[in-house]
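Enquirer: This is query.pdb, which holds PDB, C-alpha atoms:
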```
ATOM      1  CA  MET A   6      10.034 -24.827   3.845
ATOM      2  CA  PRO A   7       7.163 -24.401   1.364
ATOM      3  CA  ASN A   8       7.351 -24.262  -2.429
ATOM      4  CA  LEU A   9      10.286 -26.623  -2.823
ATOM      5  CA  GLY A  10       9.082 -27.467  -6.294
ATOM      6  CA  LEU A  11       9.170 -23.833  -7.355
ATOM      7  CA  VAL A  12      12.651 -23.362  -5.939
ATOM      8  CA  ARG A  13      14.037 -26.360  -7.797
ATOM      9  CA  GLN A  14      12.376 -25.359 -11.051
ATOM     10  CA  ASN A  15      13.815 -21.845 -10.988
ATOM     11  CA  ALA A  16      17.235 -23.117 -10.006
ATOM     12  CA  VAL A  17      17.296 -25.246 -13.135
ATOM     13  CA  VAL A  18      16.093 -22.497 -15.456
ATOM     14  CA  SER A  19      18.862 -20.101 -14.440
ATOM     15  CA  ALA A  20      21.852 -20.143 -12.165
ATOM     16  CA  THR A  21      20.135 -17.831  -9.714
ATOM     17  CA  PRO A  22      21.859 -17.719  -6.329
ATOM     18  CA  ARG A  23      19.977 -19.721  -3.718
ATOM     19  CA  SER A  24      19.877 -16.742  -1.356
ATOM     20  CA  THR A  25      18.215 -14.578  -4.029
ATOM     21  CA  ILE A  26      15.491 -17.176  -4.493
ATOM     22  CA  ARG A  27      15.053 -17.461  -0.746
ATOM     23  CA  ASP A  28      14.825 -13.670  -0.277
ATOM     24  CA  SER A  29      12.327 -13.339  -3.133
ATOM     25  CA  LEU A  30      10.092 -16.149  -1.904
ATOM     26  CA  SER A  31      10.014 -15.096   1.722
ATOM     27  CA  VAL A  32       9.126 -11.520   0.762
ATOM     28  CA  SER A  33       6.481 -12.786  -1.680
ATOM     29  CA  VAL A  34       4.710 -14.951   0.884
ATOM     30  CA  THR A  35       4.891 -12.465   3.771
ATOM     31  CA  VAL A  36       3.768  -9.450   1.783
ATOM     32  CA  GLY A  37       1.298 -11.480  -0.265
ATOM     33  CA  ALA A  38      -0.437 -12.636   2.904
ATOM     34  CA  TYR A  39      -1.142  -8.986   3.618
ATOM     35  CA  GLY A  40      -3.527  -9.162   0.683
ATOM     36  CA  ILE A  41      -6.041 -10.823   2.991
ATOM     37  CA  ALA A  42      -6.316  -7.525   4.892
ATOM     38  CA  PHE A  43      -6.861  -5.659   1.635
ATOM     39  CA  GLY A  44      -9.519  -8.098   0.438
ATOM     40  CA  ALA A  45     -11.381  -7.669   3.697
ATOM     41  CA  ALA A  46     -10.954  -3.882   3.696
ATOM     42  CA  GLY A  47     -12.258  -3.548   0.146
ATOM     43  CA  VAL A  48     -15.473  -5.437   0.855
ATOM     44  CA  ALA A  49     -15.924  -3.738   4.237
ATOM     45  CA  ALA A  50     -15.657  -0.360   2.452
ATOM     46  CA  GLY A  51     -18.555  -1.265   0.141
ATOM     47  CA  PHE A  52     -16.698  -2.511  -2.947
ATOM     48  CA  SER A  53     -17.895  -5.756  -4.498
ATOM     49  CA  ILE A  54     -15.738  -8.886  -4.398
ATOM     50  CA  LEU A  55     -15.081  -8.497  -8.140
ATOM     51  CA  GLN A  56     -14.027  -4.845  -7.790
ATOM     52  CA  THR A  57     -11.793  -5.652  -4.839
ATOM     53  CA  CYS A  58     -10.071  -8.484  -6.711
ATOM     54  CA  LEU A  59      -9.695  -6.376  -9.873
ATOM     55  CA  LEU A  60      -7.944  -3.688  -7.840
ATOM     56  CA  SER A  61      -5.335  -6.202  -6.710
ATOM     57  CA  LEU A  62      -4.982  -7.546 -10.231
ATOM     58  CA  LEU A  63      -4.846  -4.230 -12.114
ATOM     59  CA  THR A  64      -3.664  -1.589  -9.653
ATOM     60  CA  PHE A  65      -1.295  -3.949  -7.832
ATOM     61  CA  SER A  66       0.157  -1.412  -5.412
ATOM     62  CA  GLY A  67      -0.881  -1.984  -1.808
ATOM     63  CA  ALA A  68      -0.811   1.552  -0.444
ATOM     64  CA  SER A  69      -2.715   2.956  -3.454
ATOM     65  CA  GLN A  70      -5.356   0.234  -3.183
ATOM     66  CA  PHE A  71      -5.859   0.785   0.538
ATOM     67  CA  ALA A  72      -6.042   4.538  -0.085
ATOM     68  CA  LEU A  73      -8.801   4.230  -2.674
ATOM     69  CA  VAL A  74     -10.992   1.956  -0.535
ATOM     70  CA  GLY A  75     -10.221   4.054   2.548
ATOM     71  CA  VAL A  76     -11.227   7.343   0.937
ATOM     72  CA  MET A  77     -14.271   6.048  -0.961
ATOM     73  CA  GLY A  78     -15.396   3.843   1.919
ATOM     74  CA  ALA A  79     -15.532   6.975   4.094
ATOM     75  CA  GLY A  80     -17.747   8.705   1.516
ATOM     76  CA  GLY A  81     -15.061  10.502  -0.480
ATOM     77  CA  THR A  82     -15.538  10.978  -4.228
ATOM     78  CA  ALA A  83     -13.898   8.752  -6.825
ATOM     79  CA  ILE A  84     -11.737  11.716  -7.838
ATOM     80  CA  SER A  85     -10.250  12.222  -4.372
ATOM     81  CA  GLY A  86      -9.772   8.456  -4.026
ATOM     82  CA  ILE A  87      -7.941   8.257  -7.345
ATOM     83  CA  ALA A  88      -5.871  11.374  -6.577
ATOM     84  CA  THR A  89      -4.721   9.987  -3.230
ATOM     85  CA  ALA A  90      -3.933   6.610  -4.806
ATOM     86  CA  ALA A  91      -2.007   8.266  -7.654
ATOM     87  CA  LEU A  92       0.078  10.367  -5.253
ATOM     88  CA  LEU A  93       1.001   7.167  -3.437
ATOM     89  CA  GLY A  94       1.710   5.412  -6.745
ATOM     90  CA  PHE A  95       4.170   8.104  -7.835
ATOM     91  CA  ARG A  96       7.034   6.306  -6.136
ATOM     92  CA  ASN A  97       6.558   3.248  -8.366
ATOM     93  CA  GLY A  98       7.444   5.531 -11.285
ATOM     94  CA  LEU A  99      10.699   6.446  -9.580
ATOM     95  CA  TYR A 100      11.403   2.757  -8.966
ATOM     96  CA  GLY A 101      10.865   2.194 -12.692
ATOM     97  CA  LEU A 102      13.491   4.844 -13.467
ATOM     98  CA  ARG A 103      15.944   2.884 -11.362
ATOM     99  CA  MET A 104      14.940  -0.551 -12.660
ATOM    100  CA  SER A 105      14.673   0.011 -16.421
ATOM    101  CA  PRO A 106      18.443   0.421 -17.086
ATOM    102  CA  LEU A 107      19.012  -2.753 -15.063
ATOM    103  CA  LEU A 108      16.327  -4.883 -16.719
ATOM    104  CA  LYS A 109      16.917  -3.702 -20.296
ATOM    105  CA  VAL A 110      13.693  -5.264 -21.584
ATOM    106  CA  LYS A 111      11.433  -4.270 -24.491
ATOM    107  CA  GLY A 112       7.937  -4.927 -25.788
ATOM    108  CA  ALA A 113       5.607  -7.184 -23.817
ATOM    109  CA  LYS A 114       8.271  -7.942 -21.241
ATOM    110  CA  ARG A 115       8.600  -4.251 -20.481
ATOM    111  CA  LEU A 116       4.835  -3.912 -20.067
ATOM    112  CA  LEU A 117       4.973  -6.762 -17.558
ATOM    113  CA  ALA A 118       8.050  -5.372 -15.800
ATOM    114  CA  ALA A 119       6.254  -2.045 -15.339
ATOM    115  CA  HIS A 120       3.245  -3.747 -13.750
ATOM    116  CA  ILE A 121       5.334  -5.548 -11.141
ATOM    117  CA  THR A 122       7.502  -2.509 -10.308
ATOM    118  CA  ILE A 123       6.577  -2.029  -6.652
ATOM    119  CA  ASP A 124       8.287  -1.517  -3.270
ATOM    120  CA  GLU A 125       9.134  -5.178  -2.822
ATOM    121  CA  SER A 126      10.455  -6.134  -6.279
ATOM    122  CA  THR A 127      12.635  -3.012  -6.348
ATOM    123  CA  GLY A 128      13.749  -3.542  -2.752
ATOM    124  CA  VAL A 129      14.810  -7.161  -3.275
ATOM    125  CA  ALA A 130      16.551  -6.278  -6.569
ATOM    126  CA  LEU A 131      18.574  -3.517  -4.885
ATOM    127  CA  SER A 132      19.425  -5.757  -1.943
ATOM    128  CA  GLN A 133      21.114  -8.265  -4.298
ATOM    129  CA  GLU A 134      23.620  -5.667  -5.528
ATOM    130  CA  LYS A 135      26.619  -7.549  -4.092
ATOM    131  CA  LEU A 136      25.719 -10.685  -6.052
ATOM    132  CA  GLY A 137      25.784  -8.926  -9.408
ATOM    133  CA  GLU A 138      23.285  -7.689 -11.984
ATOM    134  CA  ASP A 139      21.968 -11.143 -12.889
ATOM    135  CA  ALA A 140      20.976 -11.772  -9.284
ATOM    136  CA  MET A 141      19.386  -8.310  -9.112
ATOM    137  CA  ARG A 142      17.301  -9.050 -12.199
ATOM    138  CA  SER A 143      16.277 -12.465 -10.848
ATOM    139  CA  GLY A 144      15.344 -10.853  -7.537
ATOM    140  CA  PHE A 145      13.162  -8.321  -9.344
ATOM    141  CA  TRP A 146      11.277 -10.860 -11.453
ATOM    142  CA  LEU A 147      10.910 -13.542  -8.794
ATOM    143  CA  THR A 148       9.715 -11.087  -6.166
ATOM    144  CA  GLY A 149       7.436  -9.171  -8.513
ATOM    145  CA  ILE A 150       5.731 -12.268  -9.864
ATOM    146  CA  GLY A 151       5.745 -13.930  -6.436
ATOM    147  CA  VAL A 152       4.096 -10.988  -4.643
ATOM    148  CA  PHE A 153       1.614 -10.637  -7.521
ATOM    149  CA  THR A 154       0.598 -14.292  -7.204
ATOM    150  CA  PHE A 155       0.217 -14.381  -3.430
ATOM    151  CA  TRP A 156      -1.256 -10.873  -3.149
ATOM    152  CA  ASN A 157      -4.064 -11.779  -5.550
ATOM    153  CA  MET A 158      -4.744 -15.179  -3.987
ATOM    154  CA  PHE A 159      -4.977 -13.697  -0.511
ATOM    155  CA  THR A 160      -7.133 -10.799  -1.740
ATOM    156  CA  ILE A 161      -9.736 -13.300  -2.938
ATOM    157  CA  ALA A 162      -9.637 -15.083   0.422
ATOM    158  CA  GLY A 163      -9.995 -11.818   2.354
ATOM    159  CA  ALA A 164     -12.824 -10.526   0.161
ATOM    160  CA  PHE A 165     -14.888 -13.694   0.529
ATOM    161  CA  GLY A 166     -14.070 -13.885   4.227
ATOM    162  CA  ALA A 167     -15.264 -10.335   4.852
ATOM    163  CA  GLN A 168     -18.479 -10.911   2.930
ATOM    164  CA  ALA A 169     -19.227 -13.992   5.025
ATOM    165  CA  MET A 170     -18.683 -11.954   8.200
ATOM    166  CA  GLY A 171     -21.322  -9.259   7.586
ATOM    167  CA  ASN A 172     -21.113  -6.245   9.940
ATOM    168  CA  PRO A 173     -17.493  -5.004   9.609
ATOM    169  CA  ALA A 174     -17.405  -3.341  13.033
ATOM    170  CA  ALA A 175     -18.455  -6.527  14.852
ATOM    171  CA  TRP A 176     -15.322  -8.225  13.524
ATOM    172  CA  GLY A 177     -13.027  -5.272  14.007
ATOM    173  CA  LEU A 178     -12.600  -4.767  10.274
ATOM    174  CA  ASP A 179     -13.162  -1.020  10.607
ATOM    175  CA  ALA A 180     -10.066  -0.908  12.833
ATOM    176  CA  ALA A 181      -8.095  -3.285  10.611
ATOM    177  CA  VAL A 182      -7.877  -0.637   7.878
ATOM    178  CA  PRO A 183      -6.204   2.115   9.955
ATOM    179  CA  ALA A 184      -4.016  -0.586  11.512
ATOM    180  CA  ALA A 185      -2.951  -1.571   7.989
ATOM    181  CA  PHE A 186      -2.111   2.064   7.173
ATOM    182  CA  LEU A 187      -0.125   2.315  10.406
ATOM    183  CA  GLY A 188       1.748  -0.830   9.385
ATOM    184  CA  LEU A 189       2.530   0.730   6.014
ATOM    185  CA  VAL A 190       3.806   4.018   7.433
ATOM    186  CA  TRP A 191       5.658   2.602  10.462
ATOM    187  CA  PRO A 192       8.829   1.407   8.683
ATOM    188  CA  ARG A 193       9.116   4.796   6.951
ATOM    189  CA  LEU A 194       9.377   6.722  10.216
ATOM    190  CA  THR A 195      13.115   6.379  10.668
ATOM    191  CA  SER A 196      13.982   9.826  12.053
ATOM    192  CA  THR A 197      12.527  12.285  14.531
ATOM    193  CA  SER A 198      11.645  14.680  11.728
ATOM    194  CA  ASP A 199       9.737  11.887   9.933
ATOM    195  CA  ARG A 200       7.769  11.186  13.091
ATOM    196  CA  LEU A 201       7.014  14.884  13.563
ATOM    197  CA  LEU A 202       5.837  15.092   9.956
ATOM    198  CA  SER A 203       3.605  12.066  10.551
ATOM    199  CA  VAL A 204       1.992  13.653  13.612
ATOM    200  CA  ALA A 205       1.583  16.956  11.778
ATOM    201  CA  ALA A 206      -0.191  15.183   8.920
ATOM    202  CA  MET A 207      -2.561  13.432  11.349
ATOM    203  CA  VAL A 208      -3.403  16.701  13.101
ATOM    204  CA  LEU A 209      -3.932  18.574   9.813
ATOM    205  CA  ALA A 210      -6.181  15.845   8.388
ATOM    206  CA  LEU A 211      -8.346  15.699  11.514
ATOM    207  CA  ALA A 212      -8.515  19.495  11.758
ATOM    208  CA  LEU A 213      -9.834  19.698   8.185
ATOM    209  CA  THR A 214     -12.268  16.775   8.498
ATOM    210  CA  PRO A 215     -15.283  18.739   9.839
ATOM    211  CA  PHE A 216     -14.972  21.430   7.154
ATOM    212  CA  VAL A 217     -14.140  19.847   3.785
ATOM    213  CA  PRO A 218     -15.528  16.822   1.872
ATOM    214  CA  ALA A 219     -14.152  13.368   2.737
ATOM    215  CA  GLY A 220     -10.883  12.578   1.000
ATOM    216  CA  LEU A 221      -9.643  16.158   0.713
ATOM    217  CA  PRO A 222      -8.146  16.273   4.239
ATOM    218  CA  ILE A 223      -5.881  13.403   3.189
ATOM    219  CA  ILE A 224      -4.785  14.931  -0.118
ATOM    220  CA  ALA A 225      -4.167  18.253   1.640
ATOM    221  CA  THR A 226      -1.397  16.693   3.716
ATOM    222  CA  ALA A 227       0.621  16.079   0.531
ATOM    223  CA  PHE A 228       1.290  19.834   0.597
ATOM    224  CA  LEU A 229       3.116  19.369   3.900
ATOM    225  CA  ALA A 230       5.425  16.916   2.143
ATOM    226  CA  LEU A 231       5.843  19.265  -0.823
ATOM    227  CA  ALA A 232       6.564  22.257   1.415
ATOM    228  CA  ILE A 233       9.308  20.395   3.247
ATOM    229  CA  GLY A 234      10.705  18.380   0.342
ATOM    230  CA  LEU A 235      10.919  21.196  -2.208
ATOM    231  CA  ARG A 236      12.244  23.990   0.000
ATOM    232  CA  ARG A 237      15.806  25.167  -0.542
ATOM    233  CA  LEU A 238      18.211  22.576   0.817
TER     234      LEU A 238
ATOM    235  CA  MET B  11     -22.311   6.135   0.582
ATOM    236  CA  ASN B  12     -20.997   5.896  -2.945
ATOM    237  CA  SER B  13     -22.977   4.131  -5.661
ATOM    238  CA  MET B  14     -21.609   1.055  -7.418
ATOM    239  CA  THR B  15     -20.997   3.123 -10.570
ATOM    240  CA  MET B  16     -18.807   5.527  -8.598
ATOM    241  CA  MET B  17     -16.930   2.563  -7.134
ATOM    242  CA  TRP B  18     -16.270   1.305 -10.651
ATOM    243  CA  TRP B  19     -14.864   4.706 -11.651
ATOM    244  CA  GLY B  20     -12.609   4.519  -8.617
ATOM    245  CA  VAL B  21     -11.389   1.041  -9.549
ATOM    246  CA  ILE B  22     -10.756   1.910 -13.190
ATOM    247  CA  GLY B  23      -9.225   5.334 -12.523
ATOM    248  CA  THR B  24      -6.880   4.029  -9.850
ATOM    249  CA  SER B  25      -5.752   1.115 -11.996
ATOM    250  CA  VAL B  26      -5.085   3.346 -15.005
ATOM    251  CA  ALA B  27      -3.227   5.940 -12.899
ATOM    252  CA  ALA B  28      -1.154   3.313 -11.095
ATOM    253  CA  TYR B  29      -0.099   1.592 -14.308
ATOM    254  CA  ALA B  30       0.579   4.854 -16.159
ATOM    255  CA  LEU B  31       2.954   5.967 -13.385
ATOM    256  CA  LYS B  32       4.762   2.611 -13.394
ATOM    257  CA  PHE B  33       5.082   2.605 -17.181
ATOM    258  CA  LEU B  34       6.284   6.223 -17.299
ATOM    259  CA  GLY B  35       9.101   5.312 -14.952
ATOM    260  CA  HIS B  36      10.259   2.617 -17.351
ATOM    261  CA  SER B  37       9.938   4.863 -20.384
ATOM    262  CA  ILE B  38      11.235   8.350 -19.672
ATOM    263  CA  PRO B  39      14.946   9.186 -19.811
ATOM    264  CA  HIS B  40      16.810   8.786 -16.590
ATOM    265  CA  ARG B  41      17.887  12.398 -16.067
ATOM    266  CA  TYR B  42      14.367  13.556 -15.272
ATOM    267  CA  LEU B  43      13.273  13.259 -11.681
ATOM    268  CA  GLU B  44      16.822  12.669 -10.495
ATOM    269  CA  ASN B  45      16.646  16.044  -8.785
ATOM    270  CA  PRO B  46      17.350  15.441  -5.044
ATOM    271  CA  LYS B  47      14.368  17.596  -4.046
ATOM    272  CA  ILE B  48      12.029  15.356  -6.005
ATOM    273  CA  GLN B  49      13.652  12.280  -4.521
ATOM    274  CA  LYS B  50      13.193  13.707  -1.035
ATOM    275  CA  THR B  51       9.594  14.758  -1.608
ATOM    276  CA  ASN B  52       8.920  11.289  -2.921
ATOM    277  CA  LEU B  53       9.982   9.843   0.428
ATOM    278  CA  LEU B  54       7.864  12.327   2.380
ATOM    279  CA  ILE B  55       4.568  12.074   0.470
ATOM    280  CA  PRO B  56       3.777   8.516   1.588
ATOM    281  CA  ILE B  57       4.484   9.527   5.193
ATOM    282  CA  THR B  58       1.951  12.366   5.184
ATOM    283  CA  LEU B  59      -0.748  10.555   3.173
ATOM    284  CA  LEU B  60      -0.555   7.286   5.100
ATOM    285  CA  SER B  61      -0.473   9.134   8.436
ATOM    286  CA  ALA B  62      -3.509  11.166   7.419
ATOM    287  CA  LEU B  63      -5.290   7.953   6.450
ATOM    288  CA  VAL B  64      -4.471   6.408   9.840
ATOM    289  CA  ALA B  65      -5.936   9.425  11.645
ATOM    290  CA  VAL B  66      -9.058   9.834   9.514
ATOM    291  CA  GLN B  67      -9.876   6.123   9.392
ATOM    292  CA  THR B  68      -9.580   5.914  13.167
ATOM    293  CA  PHE B  69     -11.106   9.138  14.443
ATOM    294  CA  ALA B  70     -13.529  10.355  11.771
ATOM    295  CA  GLU B  71     -17.187   9.372  11.544
ATOM    296  CA  LYS B  72     -18.362  11.115   8.383
ATOM    297  CA  SER B  73     -17.379  14.722   9.134
ATOM    298  CA  ARG B  74     -17.300  14.358  12.930
ATOM    299  CA  ILE B  75     -14.299  13.525  15.091
ATOM    300  CA  VAL B  76     -15.054  10.647  17.468
ATOM    301  CA  ILE B  77     -13.113   8.357  19.778
ATOM    302  CA  ASP B  78     -14.567   4.848  19.667
ATOM    303  CA  HIS B  79     -13.609   1.158  19.494
ATOM    304  CA  ARG B  80     -11.319   1.811  16.499
ATOM    305  CA  ALA B  81      -8.977   3.868  18.699
ATOM    306  CA  ILE B  82      -8.378   0.768  20.839
ATOM    307  CA  GLY B  83      -7.636  -1.226  17.691
ATOM    308  CA  LEU B  84      -5.106   1.408  16.613
ATOM    309  CA  ALA B  85      -3.454   1.409  20.042
ATOM    310  CA  VAL B  86      -3.142  -2.386  19.868
ATOM    311  CA  ALA B  87      -1.614  -2.082  16.393
ATOM    312  CA  ALA B  88       0.932   0.487  17.594
ATOM    313  CA  ILE B  89       1.994  -1.756  20.481
ATOM    314  CA  ALA B  90       2.211  -4.764  18.155
ATOM    315  CA  LEU B  91       4.335  -2.834  15.623
ATOM    316  CA  LYS B  92       6.594  -1.612  18.409
ATOM    317  CA  SER B  93       7.048  -5.267  19.463
ATOM    318  CA  ARG B  94       8.042  -6.128  15.876
ATOM    319  CA  VAL B  95       5.062  -8.416  15.318
ATOM    320  CA  PRO B  96       4.635  -9.410  11.616
ATOM    321  CA  PHE B  97       2.237  -7.285   9.518
ATOM    322  CA  PRO B  98      -0.710  -9.678   9.129
ATOM    323  CA  VAL B  99      -0.674 -10.420  12.865
ATOM    324  CA  VAL B 100      -0.693  -6.683  13.632
ATOM    325  CA  VAL B 101      -3.879  -6.286  11.605
ATOM    326  CA  ILE B 102      -5.552  -9.298  13.220
ATOM    327  CA  LEU B 103      -4.671  -8.151  16.757
ATOM    328  CA  ALA B 104      -6.004  -4.652  16.000
ATOM    329  CA  ALA B 105      -9.255  -6.115  14.664
ATOM    330  CA  MET B 106      -9.630  -8.338  17.738
ATOM    331  CA  GLY B 107      -9.008  -5.449  20.131
ATOM    332  CA  SER B 108     -11.496  -3.243  18.344
ATOM    333  CA  ALA B 109     -14.148  -5.965  18.057
ATOM    334  CA  LEU B 110     -13.914  -6.728  21.793
ATOM    335  CA  VAL B 111     -14.531  -3.100  22.736
ATOM    336  CA  TYR B 112     -17.311  -2.853  20.124
ATOM    337  CA  HIS B 113     -19.167  -5.777  21.729
ATOM    338  CA  PHE B 114     -18.744  -4.631  25.307
ATOM    339  CA  SER B 115     -19.693  -0.968  24.849
TER     340      SER B 115
END
```
Spell out the structure here as structure tokens.
Expert:
Amino acid sequence: MPNLGLVRQNAVVSATPRSTIRDSLSVSVTVGAYGIAFGAAGVAAGFSILQTCLLSLLTFSGASQFALVGVMGAGGTAISGIATAALLGFRNGLYGLRMSPLLKVKGAKRLLAAHITIDESTGVALSQEKLGEDAMRSGFWLTGIGVFTFWNMFTIAGAFGAQAMGNPAAWGLDAAVPAAFLGLVWPRLTSTSDRLLSVAAMVLALALTPFVPAGLPIIATAFLALAIGLRRL
Amino acid sequence: MNSMTMMWWGVIGTSVAAYALKFLGHSIPHRYLENPKIQKTNLLIPITLLSALVAVQTFAEKSRIVIDHRAIGLAVAAIALKSRVPFPVVVILAAMGSALVYHFS
């Protein structure tokens, strides 16, 4: 079991349940390690090591980061890259809506809380519901800061690793990026209609690819989601 | 290929947009966006965008549709995900599969 020191330190600072600390740490390490794939993808897409690392530091939202390097690496404009990333980042705003009444923080702490409001910190916080609000808050902070730490460390490793490798295709890096996207979408496909929507989006994006500039075929598929999500229930 | 300046705009724009969305969520009153249609759309948007990215990153070469070594990598990833292999291993296996085909074709 790694990070015993960290566990003991946090246990002293607050009476956080052991299971909350364990959940937070295991999510932090597992998800953080994924940063190595992002670091490699960023450099393979033509971003510098500095730019790739800054994305992890400042954007800090895996799907949005992958989207930007995916779209711009394929020749898409900065605008379509940013638009795709922002559409994917919209859900963090909804997580914030859920988390802010729980955290009840102001000032600098709120600025920090906003930055670490992502899938994992929100997910761990919600999963601690049975243990009470204190455990939920601990889960949020521990996971958010933990993922942030490991995600950035592994991004640096991946970025330097990819630069040392040279030709991305020779190392399979050009396939690692779509594999990463598949890994991101896979857990979301829980029903038949989700899977159908996924296939429809793939078909639409490929059908548009020969006719519109890079990046737009991806953004266009958001309209599929809007058409289905906003229709009369 | 994009120039380094364009890349910088991408990095800055994405970071600003991502943080603005996170901060808005912590700042606006709760009753907004609680509409079930918005909640539902919010679950669907990542599905369509990420799926589109999978397809385009695998089968597009500039504006052409091609089937090459990356398709093998994607197939390996799908099998690995179906076998509940952890994320980082999925990516490594996909890269290995793709690289093998790249070298032998």
Enquirer: Near chain A, meaning an atom within 7 Å, which residues of chain B appear when counting only C-alpha atoms? Write them as a PyMOL selection string.
Expert: chain B and resi 11-12+16-17+19-21+23-25+27-29+31-36+40+47+50-52+54-68+72-74+80+83-84+87+97-98+101+104-106+108-109+112-113
Enquirer: So that I have them on file, write out the residues from the current selection with C-alpha atoms, as a PDB file, keeping the file's coordinate frame.
Expert:
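Writing done, so here's selection_14.pdb:
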```pdb
ATOM      1  CA  MET B  11     -22.311   6.135   0.582  1.00  0.00           C
ATOM      2  CA  ASN B  12     -20.997   5.896  -2.945  1.00  0.00           C
ATOM      3  CA  MET B  16     -18.807   5.527  -8.598  1.00  0.00           C
ATOM      4  CA  MET B  17     -16.930   2.563  -7.134  1.00  0.00           C
ATOM      5  CA  TRP B  19     -14.864   4.706 -11.651  1.00  0.00           C
ATOM      6  CA  GLY B  20     -12.609   4.519  -8.617  1.00  0.00           C
ATOM      7  CA  VAL B  21     -11.389   1.041  -9.549  1.00  0.00           C
ATOM      8  CA  GLY B  23      -9.225   5.334 -12.523  1.00  0.00           C
ATOM      9  CA  THR B  24      -6.880   4.029  -9.850  1.00  0.00           C
ATOM     10  CA  SER B  25      -5.752   1.115 -11.996  1.00  0.00           C
ATOM     11  CA  ALA B  27      -3.227   5.940 -12.899  1.00  0.00           C
ATOM     12  CA  ALA B  28      -1.154   3.313 -11.095  1.00  0.00           C
ATOM     13  CA  TYR B  29      -0.099   1.592 -14.308  1.00  0.00           C
ATOM     14  CA  LEU B  31       2.954   5.967 -13.385  1.00  0.00           C
ATOM     15  CA  LYS B  32       4.762   2.611 -13.394  1.00  0.00           C
ATOM     16  CA  PHE B  33       5.082   2.605 -17.181  1.00  0.00           C
ATOM     17  CA  LEU B  34       6.284   6.223 -17.299  1.00  0.00           C
ATOM     18  CA  GLY B  35       9.101   5.312 -14.952  1.00  0.00           C
ATOM     19  CA  HIS B  36      10.259   2.617 -17.351  1.00  0.00           C
ATOM     20  CA  HIS B  40      16.810   8.786 -16.590  1.00  0.00           C
ATOM     21  CA  LYS B  47      14.368  17.596  -4.046  1.00  0.00           C
ATOM     22  CA  LYS B  50      13.193  13.707  -1.035  1.00  0.00           C
ATOM     23  CA  THR B  51       9.594  14.758  -1.608  1.00  0.00           C
ATOM     24  CA  ASN B  52       8.920  11.289  -2.921  1.00  0.00           C
ATOM     25  CA  LEU B  54       7.864  12.327   2.380  1.00  0.00           C
ATOM     26  CA  ILE B  55       4.568  12.074   0.470  1.00  0.00           C
ATOM     27  CA  PRO B  56       3.777   8.516   1.588  1.00  0.00           C
ATOM     28  CA  ILE B  57       4.484   9.527   5.193  1.00  0.00           C
ATOM     29  CA  THR B  58       1.951  12.366   5.184  1.00  0.00           C
ATOM     30  CA  LEU B  59      -0.748  10.555   3.173  1.00  0.00           C
ATOM     31  CA  LEU B  60      -0.555   7.286   5.100  1.00  0.00           C
ATOM     32  CA  SER B  61      -0.473   9.134   8.436  1.00  0.00           C
ATOM     33  CA  ALA B  62      -3.509  11.166   7.419  1.00  0.00           C
ATOM     34  CA  LEU B  63      -5.290   7.953   6.450  1.00  0.00           C
ATOM     35  CA  VAL B  64      -4.471   6.408   9.840  1.00  0.00           C
ATOM     36  CA  ALA B  65      -5.936   9.425  11.645  1.00  0.00           C
ATOM     37  CA  VAL B  66      -9.058   9.834   9.514  1.00  0.00           C
ATOM     38  CA  GLN B  67      -9.876   6.123   9.392  1.00  0.00           C
ATOM     39  CA  THR B  68      -9.580   5.914  13.167  1.00  0.00           C
ATOM     40  CA  LYS B  72     -18.362  11.115   8.383  1.00  0.00           C
ATOM     41  CA  SER B  73     -17.379  14.722   9.134  1.00  0.00           C
ATOM     42  CA  ARG B  74     -17.300  14.358  12.930  1.00  0.00           C
ATOM     43  CA  ARG B  80     -11.319   1.811  16.499  1.00  0.00           C
ATOM     44  CA  GLY B  83      -7.636  -1.226  17.691  1.00  0.00           C
ATOM     45  CA  LEU B  84      -5.106   1.408  16.613  1.00  0.00           C
ATOM     46  CA  ALA B  87      -1.614  -2.082  16.393  1.00  0.00           C
ATOM     47  CA  PHE B  97       2.237  -7.285   9.518  1.00  0.00           C
ATOM     48  CA  PRO B  98      -0.710  -9.678   9.129  1.00  0.00           C
ATOM     49  CA  VAL B 101      -3.879  -6.286  11.605  1.00  0.00           C
ATOM     50  CA  ALA B 104      -6.004  -4.652  16.000  1.00  0.00           C
ATOM     51  CA  ALA B 105      -9.255  -6.115  14.664  1.00  0.00           C
ATOM     52  CA  MET B 106      -9.630  -8.338  17.738  1.00  0.00           C
ATOM     53  CA  SER B 108     -11.496  -3.243  18.344  1.00  0.00           C
ATOM     54  CA  ALA B 109     -14.148  -5.965  18.057  1.00  0.00           C
ATOM     55  CA  TYR B 112     -17.311  -2.853  20.124  1.00  0.00           C
ATOM     56  CA  HIS B 113     -19.167  -5.777  21.729  1.00  0.00           C
TER      57      HIS B 113
END
```
Enquirer: What is the distance, in Å and to one decimal place, between CA of Asp28 (chain A) and CA of Leu131 (chain A)?
Expert: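 Between these atoms lies a distance of 11.8 Å.
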Enquirer: If you measure from CA of Val95 (chain B) to CA of Val48 (chain A), what distance in Å do you get, rounded to one decimal?
Expert: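 Between CA of Val95 (chain B) and CA of Val48 (chain A) the gap works out to 25.3 Å.
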Enquirer: Identify, on the basis of only C-alpha atoms, every residue whose closest approach to Ser115 (chain B) does not exceed 10 Å; exclude the query and any residue fewer than 5 positions from it along the same chain; express the result as number ranges by chain.
Expert: B: 78-79, 110
Enquirer: Grab the CA of Asn157 (chain A) to CA of Gly44 (chain A) distance for me, in Å with one decimal place.
Expert: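 CA of Gly44 (chain A) lies at a distance of 8.9 Å from CA of Asn157 (chain A).
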